[in-house]
file coords.cif (mmCIF, C-alpha atoms)
data_upload
loop_
_atom_site.label_atom_id
_atom_site.label_comp_id
_atom_site.auth_asym_id
_atom_site.auth_seq_id
_atom_site.Cartn_x
_atom_site.Cartn_y
_atom_site.Cartn_z
CA MET T 1 -28.09 33.45 28.31
CA ASN T 2 -24.77 32.18 29.66
CA PRO T 3 -23.25 29.48 27.37
CA TRP T 4 -22.78 27.12 30.32
CA VAL T 5 -26.42 27.53 31.31
CA THR T 6 -27.45 26.93 27.67
CA PHE T 7 -25.42 23.72 27.62
CA LYS T 8 -26.96 22.48 30.89
CA VAL T 9 -30.48 23.19 29.62
CA ALA T 10 -29.72 21.38 26.36
CA LEU T 11 -28.18 18.41 28.18
CA ARG T 12 -31.18 18.19 30.51
CA ALA T 13 -33.50 18.14 27.50
CA LEU T 14 -31.51 15.32 25.89
CA LEU T 15 -31.47 13.25 29.07
CA ARG T 16 -35.25 13.34 29.29
CA ASN T 17 -35.30 10.82 26.42
CA LYS T 18 -32.11 8.83 26.91
CA THR T 19 -33.08 6.02 24.54
CA ARG T 20 -34.04 8.38 21.75
CA SER T 21 -30.88 10.43 22.20
CA GLY T 22 -28.76 7.29 22.21
CA LEU T 23 -30.33 5.99 19.02
CA THR T 24 -29.88 9.39 17.40
CA MET T 25 -26.16 9.35 18.24
CA LEU T 26 -25.81 5.85 16.83
CA GLY T 27 -25.52 7.06 13.23
CA ILE T 28 -22.68 9.42 14.20
CA VAL T 29 -21.01 6.68 16.27
CA ILE T 30 -21.07 4.25 13.35
CA GLY T 31 -19.86 6.86 10.89
CA VAL T 32 -16.92 8.09 12.97
CA SER T 33 -15.84 4.58 14.00
CA ALA T 34 -16.04 3.35 10.39
CA VAL T 35 -13.94 6.24 9.09
CA ILE T 36 -11.27 5.75 11.76
CA ALA T 37 -11.19 1.95 11.39
CA MET T 38 -11.08 1.99 7.58
CA VAL T 39 -8.33 4.62 7.39
CA ALA T 40 -6.30 2.83 10.09
CA ILE T 41 -6.54 -0.48 8.26
CA GLY T 42 -5.74 1.22 4.96
CA GLU T 43 -2.63 2.84 6.41
CA GLY T 44 -1.62 -0.51 7.89
CA ALA T 45 -2.03 -2.12 4.48
CA LYS T 46 0.21 0.54 2.93
CA VAL T 47 2.91 -0.16 5.53
CA LYS T 48 2.54 -3.90 4.93
CA VAL T 49 3.03 -3.40 1.19
CA ALA T 50 6.04 -1.15 1.82
CA GLN T 51 7.57 -3.75 4.15
CA ALA T 52 7.07 -6.46 1.56
CA PHE T 53 8.90 -4.45 -1.10
CA ASP T 54 11.58 -3.34 1.36
CA ALA T 55 12.24 -7.02 2.01
CA MET T 56 12.95 -7.46 -1.70
CA GLY T 57 15.56 -4.73 -1.64
CA THR T 58 16.22 -1.01 -1.50
CA ASN T 59 15.77 0.94 -4.76
CA LEU T 60 16.03 -2.39 -6.54
CA LEU T 61 16.54 -3.00 -10.25
CA ILE T 62 16.81 -6.52 -11.63
CA VAL T 63 18.78 -6.88 -14.86
CA MET T 64 18.01 -10.08 -16.76
CA SER T 65 19.50 -11.71 -19.84
CA GLY T 66 17.66 -11.94 -23.14
CA SER T 67 15.39 -14.66 -24.48
CA THR T 68 15.92 -17.50 -26.92
CA GLN T 69 14.09 -17.42 -30.23
CA GLY T 70 13.46 -20.18 -32.70
CA GLY T 71 10.64 -21.48 -34.86
CA GLY T 72 8.51 -18.49 -33.94
CA MET T 73 8.79 -19.30 -30.21
CA ARG T 74 10.42 -17.04 -27.63
CA GLY T 75 11.81 -18.55 -24.46
CA GLY T 76 11.24 -15.61 -22.13
CA ALA T 77 13.58 -13.33 -20.21
CA GLY T 78 16.76 -14.98 -18.98
CA THR T 79 16.69 -18.00 -21.28
CA MET T 80 19.64 -16.81 -23.39
CA PRO T 81 22.86 -15.74 -21.61
CA THR T 82 23.71 -12.20 -22.70
CA LEU T 83 24.96 -10.51 -19.49
CA THR T 84 28.71 -10.83 -18.98
CA TRP T 85 30.91 -10.36 -15.94
CA GLY T 86 32.33 -7.35 -17.78
CA ASP T 87 28.81 -5.89 -17.98
CA LEU T 88 28.49 -6.27 -14.21
CA ALA T 89 31.81 -4.53 -13.58
CA SER T 90 30.87 -1.67 -15.90
CA VAL T 91 27.48 -1.18 -14.25
CA ARG T 92 29.17 -1.07 -10.85
CA THR T 93 31.89 1.40 -11.82
CA GLU T 94 30.58 3.50 -14.71
CA VAL T 95 27.01 4.36 -13.71
CA SER T 96 27.01 7.15 -11.13
CA SER T 97 23.43 6.50 -10.06
CA VAL T 98 24.27 2.90 -9.06
CA LYS T 99 25.44 2.26 -5.50
CA TYR T 100 25.53 -1.54 -5.48
CA ALA T 101 25.50 -4.29 -8.09
CA ALA T 102 25.59 -8.02 -7.39
CA PRO T 103 25.31 -11.19 -9.47
CA VAL T 104 22.58 -13.55 -8.26
CA CYS T 105 22.93 -17.17 -9.36
CA GLN T 106 20.57 -19.70 -7.83
CA THR T 107 19.37 -23.24 -8.04
CA GLY T 108 17.48 -25.70 -5.89
CA ALA T 109 19.42 -28.44 -4.11
CA SER T 110 19.25 -30.78 -1.15
CA ILE T 111 21.48 -30.04 1.83
CA GLN T 112 22.33 -32.41 4.68
CA SER T 113 23.29 -31.90 8.28
CA ASP T 114 24.40 -34.76 10.53
CA GLU T 115 20.81 -35.79 11.24
CA GLN T 116 18.47 -34.01 8.81
CA ASN T 117 18.20 -32.95 5.19
CA TRP T 118 16.25 -30.23 3.44
CA THR T 119 15.79 -29.09 -0.17
CA THR T 120 16.20 -25.33 -0.45
CA MET T 121 17.38 -22.51 -2.70
CA ILE T 122 21.14 -22.14 -3.11
CA VAL T 123 22.21 -18.58 -3.93
CA GLY T 124 25.63 -17.52 -5.15
CA THR T 125 26.37 -13.82 -4.95
CA SER T 126 28.65 -11.05 -3.67
CA LEU T 127 28.57 -8.87 -0.56
CA ASP T 128 26.62 -6.12 -2.36
CA TYR T 129 23.64 -8.50 -2.41
CA PHE T 130 23.12 -8.12 1.35
CA ALA T 131 23.35 -4.32 1.16
CA ILE T 132 20.84 -4.16 -1.70
CA ARG T 133 18.35 -6.35 0.16
CA ASN T 134 18.91 -4.79 3.60
CA TRP T 135 19.63 -8.26 4.90
CA ALA T 136 21.55 -8.29 8.16
CA ILE T 137 23.20 -11.09 10.10
CA ASP T 138 21.51 -12.35 13.25
CA LYS T 139 24.31 -14.63 14.48
CA GLY T 140 27.86 -15.10 13.25
CA ALA T 141 29.08 -13.04 10.30
CA LEU T 142 28.83 -12.72 6.54
CA PHE T 143 31.43 -14.38 4.37
CA SER T 144 34.22 -11.98 3.44
CA GLN T 145 35.63 -10.64 0.19
CA ALA T 146 38.61 -12.93 0.81
CA ASP T 147 36.20 -15.88 0.84
CA ILE T 148 34.83 -14.72 -2.53
CA ASP T 149 38.29 -14.28 -4.02
CA SER T 150 39.45 -17.71 -2.87
CA GLY T 151 36.17 -19.58 -3.47
CA SER T 152 35.94 -20.72 0.15
CA LYS T 153 33.31 -23.32 1.00
CA VAL T 154 31.38 -21.18 3.46
CA LEU T 155 27.78 -19.98 3.53
CA VAL T 156 25.19 -18.07 5.50
CA MET T 157 21.82 -19.63 6.21
CA GLY T 158 18.22 -18.45 6.32
CA THR T 159 16.19 -19.05 9.49
CA THR T 160 13.76 -21.48 7.84
CA VAL T 161 16.60 -23.75 6.73
CA ALA T 162 18.20 -23.56 10.18
CA GLU T 163 14.94 -24.57 11.85
CA LYS T 164 14.41 -27.50 9.48
CA LEU T 165 17.94 -28.84 10.02
CA TYR T 166 18.58 -28.05 13.68
CA GLY T 167 15.28 -27.00 15.26
CA ALA T 168 13.91 -23.62 16.38
CA GLY T 169 16.23 -21.36 18.36
CA VAL T 170 19.42 -23.33 17.64
CA ASP T 171 22.47 -21.35 16.49
CA PRO T 172 23.93 -23.23 13.49
CA THR T 173 27.07 -21.11 13.09
CA GLY T 174 30.29 -23.08 13.05
CA ARG T 175 28.59 -26.31 11.98
CA THR T 176 29.18 -28.15 8.74
CA ILE T 177 26.59 -29.20 6.17
CA ARG T 178 26.93 -30.90 2.81
CA VAL T 179 25.65 -29.31 -0.39
CA ARG T 180 25.65 -31.69 -3.35
CA GLY T 181 28.23 -33.79 -1.57
CA SER T 182 30.62 -30.94 -0.73
CA PRO T 183 31.13 -29.86 2.91
CA PHE T 184 30.39 -26.22 3.72
CA GLN T 185 30.91 -24.36 6.97
CA ILE T 186 28.03 -22.19 8.24
CA VAL T 187 29.54 -18.82 9.16
CA GLY T 188 26.33 -16.85 9.81
CA LEU T 189 22.59 -16.97 10.36
CA LEU T 190 20.57 -14.28 8.53
CA THR T 191 17.78 -12.31 10.18
CA SER T 192 14.29 -13.40 9.24
CA LYS T 193 12.76 -11.61 6.24
CA GLY T 194 9.42 -13.43 6.05
CA GLN T 195 7.46 -13.86 2.84
CA SER T 196 7.27 -12.01 -0.44
CA PRO T 197 3.95 -10.55 -1.71
CA MET T 198 3.60 -13.76 -3.74
CA GLY T 199 4.13 -16.02 -0.73
CA GLN T 200 7.78 -16.99 -1.34
CA ASP T 201 9.69 -17.68 1.88
CA TYR T 202 12.80 -15.51 1.71
CA ASP T 203 14.32 -17.36 4.68
CA ASP T 204 14.24 -20.72 2.89
CA ALA T 205 17.68 -20.23 1.29
CA VAL T 206 21.41 -20.45 1.88
CA VAL T 207 23.81 -17.88 0.39
CA MET T 208 27.44 -18.54 -0.57
CA PRO T 209 30.18 -16.73 -2.51
CA VAL T 210 29.41 -16.64 -6.20
CA THR T 211 32.85 -18.07 -7.02
CA THR T 212 32.12 -21.08 -4.82
CA PHE T 213 28.70 -21.47 -6.39
CA ARG T 214 30.19 -21.60 -9.89
CA ALA T 215 32.94 -24.03 -8.88
CA LYS T 216 31.00 -26.43 -6.65
CA ILE T 217 27.27 -26.07 -7.38
CA GLN T 218 26.57 -24.95 -10.91
CA GLY T 219 29.03 -23.95 -13.58
CA GLY T 220 28.28 -22.02 -16.74
CA LEU T 221 29.78 -20.23 -19.67
CA ALA T 222 32.97 -18.54 -18.56
CA GLN T 223 32.17 -14.98 -19.64
CA TYR T 224 28.38 -15.01 -19.03
CA ILE T 225 26.56 -14.64 -15.73
CA PRO T 226 24.36 -17.75 -15.13
CA GLY T 227 21.68 -15.70 -13.43
CA VAL T 228 20.56 -12.10 -12.98
CA VAL T 229 22.10 -8.90 -11.64
CA PHE T 230 20.62 -7.07 -8.67
CA VAL T 231 21.28 -3.33 -8.75
CA GLY T 232 20.75 -0.87 -5.91
CA ALA T 233 20.37 2.77 -6.95
CA THR T 234 21.85 5.54 -4.85
CA SER T 235 18.36 6.64 -3.75
CA SER T 236 14.69 6.10 -4.57
CA LYS T 237 14.74 9.31 -6.62
CA THR T 238 17.56 8.06 -8.86
CA THR T 239 16.16 4.57 -9.52
CA SER T 240 14.53 5.51 -12.82
CA ARG T 241 17.64 7.39 -13.93
CA ALA T 242 19.78 4.38 -13.01
CA GLN T 243 17.51 2.19 -15.14
CA ARG T 244 17.98 4.46 -18.16
CA ASP T 245 21.74 4.73 -17.61
CA ILE T 246 22.16 0.96 -17.31
CA GLU T 247 20.10 0.41 -20.44
CA ASP T 248 22.23 2.91 -22.40
CA LEU T 249 25.45 1.36 -21.08
CA LEU T 250 24.48 -2.23 -21.88
CA ARG T 251 23.17 -1.38 -25.34
CA ASP T 252 26.49 0.31 -26.08
CA ARG T 253 28.49 -2.65 -24.72
CA HIS T 254 26.36 -5.12 -26.71
CA HIS T 255 26.74 -2.99 -29.88
CA LEU T 256 22.97 -2.65 -30.40
CA GLN T 257 21.99 -0.10 -33.02
CA PRO T 258 18.96 2.23 -32.57
CA GLY T 259 15.75 0.42 -33.43
CA ILE T 260 17.11 -3.00 -32.46
CA GLU T 261 15.43 -4.62 -29.47
CA SER T 262 17.56 -4.93 -26.34
CA ASP T 263 18.95 -8.41 -25.63
CA PHE T 264 18.31 -7.89 -21.90
CA SER T 265 15.52 -6.58 -19.70
CA ILE T 266 15.40 -4.42 -16.58
CA ARG T 267 12.69 -4.66 -13.95
CA ASN T 268 12.13 -1.67 -11.71
CA LEU T 269 10.57 -2.89 -8.47
CA SER T 270 10.29 0.68 -7.18
CA GLU T 271 7.67 1.40 -9.85
CA LEU T 272 5.80 -1.78 -8.90
CA ALA T 273 5.90 -0.75 -5.24
CA GLY T 274 4.62 2.73 -6.11
CA ALA T 275 1.75 1.28 -8.13
CA SER T 276 0.80 -1.02 -5.26
CA GLN T 277 0.91 1.89 -2.81
CA GLN T 278 -1.26 3.98 -5.10
CA GLY T 279 -3.79 1.17 -5.41
CA THR T 280 -3.91 0.80 -1.63
CA GLN T 281 -4.37 4.56 -1.23
CA VAL T 282 -7.30 4.58 -3.66
CA MET T 283 -8.94 1.69 -1.82
CA THR T 284 -8.42 3.42 1.53
CA SER T 285 -9.98 6.63 0.22
CA LEU T 286 -12.92 4.70 -1.22
CA LEU T 287 -13.57 2.89 2.07
CA ALA T 288 -13.32 6.15 4.02
CA ALA T 289 -15.76 7.85 1.61
CA VAL T 290 -18.26 5.02 2.00
CA ALA T 291 -17.89 5.21 5.78
CA ALA T 292 -18.44 8.98 5.69
CA VAL T 293 -21.90 8.40 4.24
CA SER T 294 -22.87 7.05 7.66
CA LEU T 295 -22.07 10.47 9.11
CA LEU T 296 -24.52 12.09 6.71
CA VAL T 297 -27.16 9.54 7.66
CA GLY T 298 -26.46 10.34 11.31
CA GLY T 299 -26.90 14.04 10.59
CA ILE T 300 -30.29 13.40 9.02
CA GLY T 301 -31.24 11.46 12.14
CA ILE T 302 -30.27 14.43 14.31
CA MET T 303 -32.40 16.80 12.23
CA ASN T 304 -35.35 14.43 12.34
CA ILE T 305 -35.24 14.03 16.13
CA LEU T 306 -34.82 17.75 16.73
CA LEU T 307 -37.84 18.50 14.51
CA VAL T 308 -39.84 16.05 16.62
CA SER T 309 -38.43 17.66 19.76
CA VAL T 310 -39.51 21.14 18.59
CA THR T 311 -43.04 19.86 18.02
CA GLU T 312 -43.16 18.15 21.42
CA ARG T 313 -41.77 21.18 23.28
CA THR T 314 -43.80 23.90 21.56
CA ARG T 315 -45.53 24.96 24.80
CA GLU T 316 -42.19 24.97 26.64
CA ILE T 317 -40.74 27.25 23.96
CA GLY T 318 -43.79 29.51 24.23
CA VAL T 319 -43.44 29.78 28.04
CA ARG T 320 -39.74 30.63 27.76
CA MET T 321 -40.44 33.29 25.17
CA ALA T 322 -43.28 34.69 27.28
CA ILE T 323 -40.97 35.22 30.26
CA GLY T 324 -38.33 36.99 28.18
CA ALA T 325 -36.28 34.39 26.28
CA LYS T 326 -35.04 35.87 23.00
CA PRO T 327 -35.22 33.98 19.66
CA ARG T 328 -31.43 33.71 19.53
CA THR T 329 -31.48 31.98 22.94
CA ILE T 330 -33.94 29.39 21.65
CA LEU T 331 -31.84 29.02 18.51
CA ALA T 332 -28.68 28.50 20.61
CA GLN T 333 -30.35 25.90 22.83
CA PHE T 334 -31.36 23.64 19.94
CA LEU T 335 -28.04 24.12 18.18
CA VAL T 336 -26.24 23.10 21.37
CA GLU T 337 -28.45 20.02 21.61
CA ALA T 338 -27.54 19.04 18.05
CA LEU T 339 -23.84 19.75 18.65
CA THR T 340 -23.87 17.75 21.89
CA LEU T 341 -25.42 14.74 20.18
CA ALA T 342 -22.85 14.92 17.35
CA VAL T 343 -19.77 15.42 19.55
CA MET T 344 -20.76 12.74 22.07
CA GLY T 345 -21.39 10.38 19.18
CA GLY T 346 -17.99 11.29 17.76
CA VAL T 347 -16.19 10.61 21.04
CA VAL T 348 -17.86 7.20 21.40
CA GLY T 349 -17.11 6.54 17.74
CA ILE T 350 -13.39 7.19 18.31
CA GLY T 351 -13.22 4.51 20.97
CA LEU T 352 -15.23 2.05 18.89
CA GLY T 353 -13.21 2.79 15.75
CA ILE T 354 -9.88 2.20 17.51
CA PHE T 355 -11.20 -1.05 19.00
CA VAL T 356 -12.44 -2.31 15.61
CA ALA T 357 -9.17 -1.28 13.93
CA GLN T 358 -7.17 -3.19 16.56
CA ARG T 359 -9.25 -6.33 16.05
CA LEU T 360 -8.99 -6.14 12.25
CA ALA T 361 -5.25 -5.45 12.34
CA ALA T 362 -4.71 -8.43 14.63
CA SER T 363 -6.84 -10.62 12.37
CA PHE T 364 -4.98 -9.60 9.19
CA GLN T 365 -1.61 -9.43 11.00
CA TRP T 366 -1.11 -5.90 9.72
CA PRO T 367 0.50 -3.01 11.61
CA LEU T 368 -2.02 -0.65 13.25
CA LEU T 369 -1.64 3.03 12.38
CA ILE T 370 -4.12 5.43 14.00
CA ARG T 371 -3.83 8.85 12.36
CA GLY T 372 -4.49 11.71 14.75
CA ASP T 373 -5.48 14.06 11.94
CA ILE T 374 -8.19 11.63 10.82
CA ILE T 375 -9.58 11.46 14.37
CA VAL T 376 -9.71 15.24 14.60
CA LEU T 377 -11.21 15.48 11.10
CA ALA T 378 -13.88 12.85 11.85
CA VAL T 379 -14.96 14.51 15.09
CA GLY T 380 -14.85 17.96 13.50
CA PHE T 381 -16.91 16.70 10.57
CA SER T 382 -19.45 15.14 12.91
CA ALA T 383 -19.70 18.43 14.84
CA ALA T 384 -20.20 20.32 11.58
CA ILE T 385 -22.92 17.86 10.60
CA GLY T 386 -24.59 18.36 13.97
CA ILE T 387 -24.65 22.12 13.49
CA GLY T 388 -25.62 21.90 9.82
CA PHE T 389 -28.51 19.51 10.30
CA GLY T 390 -29.55 21.10 13.58
CA LEU T 391 -29.76 24.59 12.12
CA TYR T 392 -33.18 24.21 10.49
CA PRO T 393 -34.95 22.74 13.57
CA ALA T 394 -33.30 25.41 15.75
CA TRP T 395 -34.34 28.19 13.37
CA LYS T 396 -37.87 26.78 13.26
CA ALA T 397 -38.05 26.77 17.07
CA SER T 398 -36.76 30.35 17.32
CA ARG T 399 -39.40 31.59 14.84
CA LEU T 400 -42.37 30.28 16.82
CA ASP T 401 -44.96 32.86 17.85
CA PRO T 402 -45.20 32.85 21.68
CA ILE T 403 -49.01 33.19 21.71
CA ASP T 404 -49.49 30.35 19.20
CA ALA T 405 -46.96 28.25 21.08
CA LEU T 406 -48.83 28.72 24.40
CA ARG T 407 -52.09 27.68 22.75
CA TYR T 408 -50.49 24.51 21.27
CA GLU T 409 -51.88 21.26 22.65
#

call {"tool": "encode", "arguments": {"input": "coords.cif", "output": "structure tokens"}}
result
Amino acid sequence: MNPWVTFKVALRALLRNKTRSGLTMLGIVIGVSAVIAMVAIGEGAKVKVAQAFDAMGTNLLIVMSGSTQGGGMRGGAGTMPTLTWGDLASVRTEVSSVKYAAPVCQTGASIQSDEQNWTTMIVGTSLDYFAIRNWAIDKGALFSQADIDSGSKVLVMGTTVAEKLYGAGVDPTGRTIRVRGSPFQIVGLLTSKGQSPMGQDYDDAVVMPVTTFRAKIQGGLAQYIPGVVFVGATSSKTTSRAQRDIEDLLRDRHHLQPGIESDFSIRNLSELAGASQQGTQVMTSLLAAVAAVSLLVGGIGIMNILLVSVTERTREIGVRMAIGAKPRTILAQFLVEALTLAVMGGVVGIGLGIFVAQRLAASFQWPLLIRGDIIVLAVGFSAAIGIGFGLYPAWKASRLDPIDALRYE
């Protein structure tokens, strides 16, 4: 029999019981839509995690001072100054796997404009800080190296601070604010970075030259850095090597013998980002596997309905065989019916899955990523299920004896 004719006969048989066919497809529809929606949301979650860590900085290492010890109590990382300005210069110039290195000194303080005031984070740093954190200027410009060298009273401002002092959409560049009583000129407005994975508002800060910070905001011991050091590796592949090289360099500079604990610590945010991505990937795979179970349930439904259909159409099968239909033609007809149910269910499931993914992504405020390979895989899997579960009913129909089938009531 011509394949097109076989398809038309199969479609006509399915349309005789529209409700039953629709309910049979429902399992496939749910399975395909669930797989597509869960994978899309999982991929969106991975992008969201990546964006959060990108906002922290590119290939970022954070070098922190040591901890105080006394009376059996340890103060925690950064409580004892051990990193010197010489250490920073050596890290920047002597470690080949390091591209950027910047001191980061910060404290909370109230700032005042002509009409408003706001308590925010004051950050003192160098120009490398903005390169490490991929933080660009929206309006105005960054302070210059000349500003750092001369300790100029200039700063760049985060969008949250600008909105609190001047209102949304107002360009604050060129204006003057007071920080702990000292006037500072706003030379630039930073682009918005949003929140950290822990909910910290990156935009609620102002950034000034580190020399100005030390002279006007918070002093410290002359040779020690009153904060941490942000380090940007040359690439994501060299971050771990940069961590090892920095550790070796600082231990040598601090004259630490083998077996003695380091008087500093290094945090590798790339490893944390990788672990978060891996956790998200495992969760996505788990959700997709659970959703795929619905496809198997749908396949069982197809087999069940086709077995009922074979029983109901026994006389029809007998008549067709009596007038010359071959067993393989009967087999093909029922396989086409199963395949049609599965593919139609898959197509409807694609539309439903994309719709559900869009709604969930909008609700979670995550990016929506629809993977074409997952769509093809889901539909192909549903078609394979249709054939697999339709094979037994089709084989059973093709093995009917024409005489017995004609006698069937």

call {"tool": "closest_residue", "arguments": {"input": "coords.cif", "among": "T:Val179, T:Leu61, T:Val293, T:Ala101", "to": "Ala89 of chain T", "atoms": "only C-alpha atoms"}}
result
T:Ala101

call {"tool": "residues_around", "arguments": {"input": "coords.cif", "residues": "segment 202-207 of chain T", "least_positions_apart": "3", "cutoff": "7 Å", "atoms": "all atoms listed in the file", "output": "list in words"}}
result
Thr120, Met121, Ile122, Val123, Gly124, Leu155, Val156, Met157, Gly158, Thr159, Thr160, Val161, Ser192, Lys193, Gly194, Gln195 and Ser196 of chain T

call {"tool": "atom_distance", "arguments": {"input": "coords.cif", "atom1": "atom CA of Pro183 of chain T", "atom2": "atom CA of Leu165 of chain T"}}
result
15.0 Å

call {"tool": "resolve_selection", "arguments": {"input": "coords.cif", "expression": "the PyMOL selection byres ((chain T and resi 338) around 7)", "output": "VMD selection string"}}
result
chain T and resid 302 334 to 337 339 to 342 386 to 387 390

call {"tool": "closest_residue", "arguments": {"input": "coords.cif", "among": "T:Leu14, T:Val39, T:Leu189, T:Val170", "to": "Ala378 of chain T", "atoms": "all atoms listed in the file"}}
result
T:Val39

call {"tool": "closest_residue", "arguments": {"input": "coords.cif", "among": "T:Asp171, T:Gly140, T:Ser382, T:Gln200", "to": "Val348 of chain T", "atoms": "all atoms listed in the file"}}
result
T:Ser382

call {"tool": "resolve_selection", "arguments": {"input": "coords.cif", "expression": "the PyMOL selection byres ((chain T and resi 128) around 7)", "output": "mmCIF file with C-alpha atoms, in the coordinates of the input"}}
result
data_model
loop_
_atom_site.group_PDB
_atom_site.id
_atom_site.type_symbol
_atom_site.label_atom_id
_atom_site.label_comp_id
_atom_site.auth_asym_id
_atom_site.auth_seq_id
_atom_site.Cartn_x
_atom_site.Cartn_y
_atom_site.Cartn_z
ATOM 1 C CA TYR T 100 25.530 -1.540 -5.480
ATOM 2 C CA ALA T 101 25.500 -4.290 -8.090
ATOM 3 C CA ALA T 102 25.590 -8.020 -7.390
ATOM 4 C CA SER T 126 28.650 -11.050 -3.670
ATOM 5 C CA LEU T 127 28.570 -8.870 -0.560
ATOM 6 C CA TYR T 129 23.640 -8.500 -2.410
ATOM 7 C CA PHE T 130 23.120 -8.120 1.350
ATOM 8 C CA ALA T 131 23.350 -4.320 1.160
ATOM 9 C CA ILE T 132 20.840 -4.160 -1.700
#

call {"tool": "resolve_selection", "arguments": {"input": "coords.cif", "expression": "the PyMOL selection byres ((chain T and resi 99) around 10)", "output": "PyMOL selection string"}}
result
chain T and resi 59+91-93+95-98+100-101+128+131-132+231-235+242

call {"tool": "atom_distance", "arguments": {"input": "coords.cif", "atom1": "atom CA of Val290 of chain T", "atom2": "atom CA of Pro367 of chain T"}}
result
22.6 Å

call {"tool": "atom_distance", "arguments": {"input": "coords.cif", "atom1": "atom CA of Leu23 of chain T", "atom2": "atom CA of Ala384 of chain T"}}
result
19.1 Å

call {"tool": "closest_residue", "arguments": {"input": "coords.cif", "among": "T:Ser265, T:Gln106, T:Ser152, T:Thr329", "to": "Thr212 of chain T", "atoms": "all atoms listed in the file"}}
result
T:Ser152

call {"tool": "closest_residue", "arguments": {"input": "coords.cif", "among": "T:Leu83, T:Val379, T:Ala45, T:Leu250", "to": "Gly345 of chain T", "atoms": "all atoms listed in the file"}}
result
T:Val379

call {"tool": "closest_residue", "arguments": {"input": "coords.cif", "among": "T:Ile41, T:Val47, T:Leu142, T:Ile28", "to": "Ala362 of chain T", "atoms": "all atoms listed in the file"}}
result
T:Ile41

call {"tool": "residues_around", "arguments": {"input": "coords.cif", "residues": "segment 29-34 of chain T", "least_positions_apart": "5", "cutoff": "12 Å", "atoms": "all atoms listed in the file", "output": "mmCIF file with C-alpha atoms, keeping the file's coordinate frame"}}
result
data_model
loop_
_atom_site.group_PDB
_atom_site.id
_atom_site.type_symbol
_atom_site.label_atom_id
_atom_site.label_comp_id
_atom_site.auth_asym_id
_atom_site.auth_seq_id
_atom_site.Cartn_x
_atom_site.Cartn_y
_atom_site.Cartn_z
ATOM 1 C CA GLY T 22 -28.760 7.290 22.210
ATOM 2 C CA LEU T 23 -30.330 5.990 19.020
ATOM 3 C CA THR T 24 -29.880 9.390 17.400
ATOM 4 C CA VAL T 39 -8.330 4.620 7.390
ATOM 5 C CA ALA T 40 -6.300 2.830 10.090
ATOM 6 C CA ILE T 41 -6.540 -0.480 8.260
ATOM 7 C CA GLY T 42 -5.740 1.220 4.960
ATOM 8 C CA THR T 284 -8.420 3.420 1.530
ATOM 9 C CA LEU T 287 -13.570 2.890 2.070
ATOM 10 C CA ALA T 288 -13.320 6.150 4.020
ATOM 11 C CA ALA T 289 -15.760 7.850 1.610
ATOM 12 C CA VAL T 290 -18.260 5.020 2.000
ATOM 13 C CA ALA T 291 -17.890 5.210 5.780
ATOM 14 C CA ALA T 292 -18.440 8.980 5.690
ATOM 15 C CA VAL T 293 -21.900 8.400 4.240
ATOM 16 C CA SER T 294 -22.870 7.050 7.660
ATOM 17 C CA LEU T 295 -22.070 10.470 9.110
ATOM 18 C CA LEU T 296 -24.520 12.090 6.710
ATOM 19 C CA VAL T 297 -27.160 9.540 7.660
ATOM 20 C CA GLY T 298 -26.460 10.340 11.310
ATOM 21 C CA GLY T 299 -26.900 14.040 10.590
ATOM 22 C CA LEU T 341 -25.420 14.740 20.180
ATOM 23 C CA ALA T 342 -22.850 14.920 17.350
ATOM 24 C CA VAL T 343 -19.770 15.420 19.550
ATOM 25 C CA MET T 344 -20.760 12.740 22.070
ATOM 26 C CA GLY T 345 -21.390 10.380 19.180
ATOM 27 C CA GLY T 346 -17.990 11.290 17.760
ATOM 28 C CA VAL T 347 -16.190 10.610 21.040
ATOM 29 C CA VAL T 348 -17.860 7.200 21.400
ATOM 30 C CA GLY T 349 -17.110 6.540 17.740
ATOM 31 C CA ILE T 350 -13.390 7.190 18.310
ATOM 32 C CA GLY T 351 -13.220 4.510 20.970
ATOM 33 C CA LEU T 352 -15.230 2.050 18.890
ATOM 34 C CA GLY T 353 -13.210 2.790 15.750
ATOM 35 C CA ILE T 354 -9.880 2.200 17.510
ATOM 36 C CA PHE T 355 -11.200 -1.050 19.000
ATOM 37 C CA VAL T 356 -12.440 -2.310 15.610
ATOM 38 C CA ALA T 357 -9.170 -1.280 13.930
ATOM 39 C CA GLN T 358 -7.170 -3.190 16.560
ATOM 40 C CA LEU T 360 -8.990 -6.140 12.250
ATOM 41 C CA ILE T 370 -4.120 5.430 14.000
ATOM 42 C CA ILE T 374 -8.190 11.630 10.820
ATOM 43 C CA ILE T 375 -9.580 11.460 14.370
ATOM 44 C CA VAL T 376 -9.710 15.240 14.600
ATOM 45 C CA LEU T 377 -11.210 15.480 11.100
ATOM 46 C CA ALA T 378 -13.880 12.850 11.850
ATOM 47 C CA VAL T 379 -14.960 14.510 15.090
ATOM 48 C CA GLY T 380 -14.850 17.960 13.500
ATOM 49 C CA PHE T 381 -16.910 16.700 10.570
ATOM 50 C CA SER T 382 -19.450 15.140 12.910
ATOM 51 C CA ALA T 383 -19.700 18.430 14.840
ATOM 52 C CA ILE T 385 -22.920 17.860 10.600
#

call {"tool": "residues_around", "arguments": {"input": "coords.cif", "residues": "Pro81 of chain T", "least_positions_apart": "5", "cutoff": "7 Å", "atoms": "all atoms listed in the file", "output": "ChimeraX atom specification"}}
result
/T:65-66,224,226

call {"tool": "decode", "arguments": {"input": "coords.cif", "residues": "segment 350-356 of chain T", "atoms": "C-alpha atoms", "output": "compact mmCIF listing (two decimals), in the first residue's frame"}}
result
# COMPACT_ATOMS: atom_id res chain seq x y z
CA ILE T 350 6.60 21.86 22.00
CA GLY T 351 4.19 24.78 21.93
CA LEU T 352 3.00 24.12 25.48
CA GLY T 353 6.56 23.65 26.77
CA ILE T 354 7.75 26.96 25.27
CA PHE T 355 4.71 28.75 26.71
CA VAL T 356 5.29 27.30 30.19
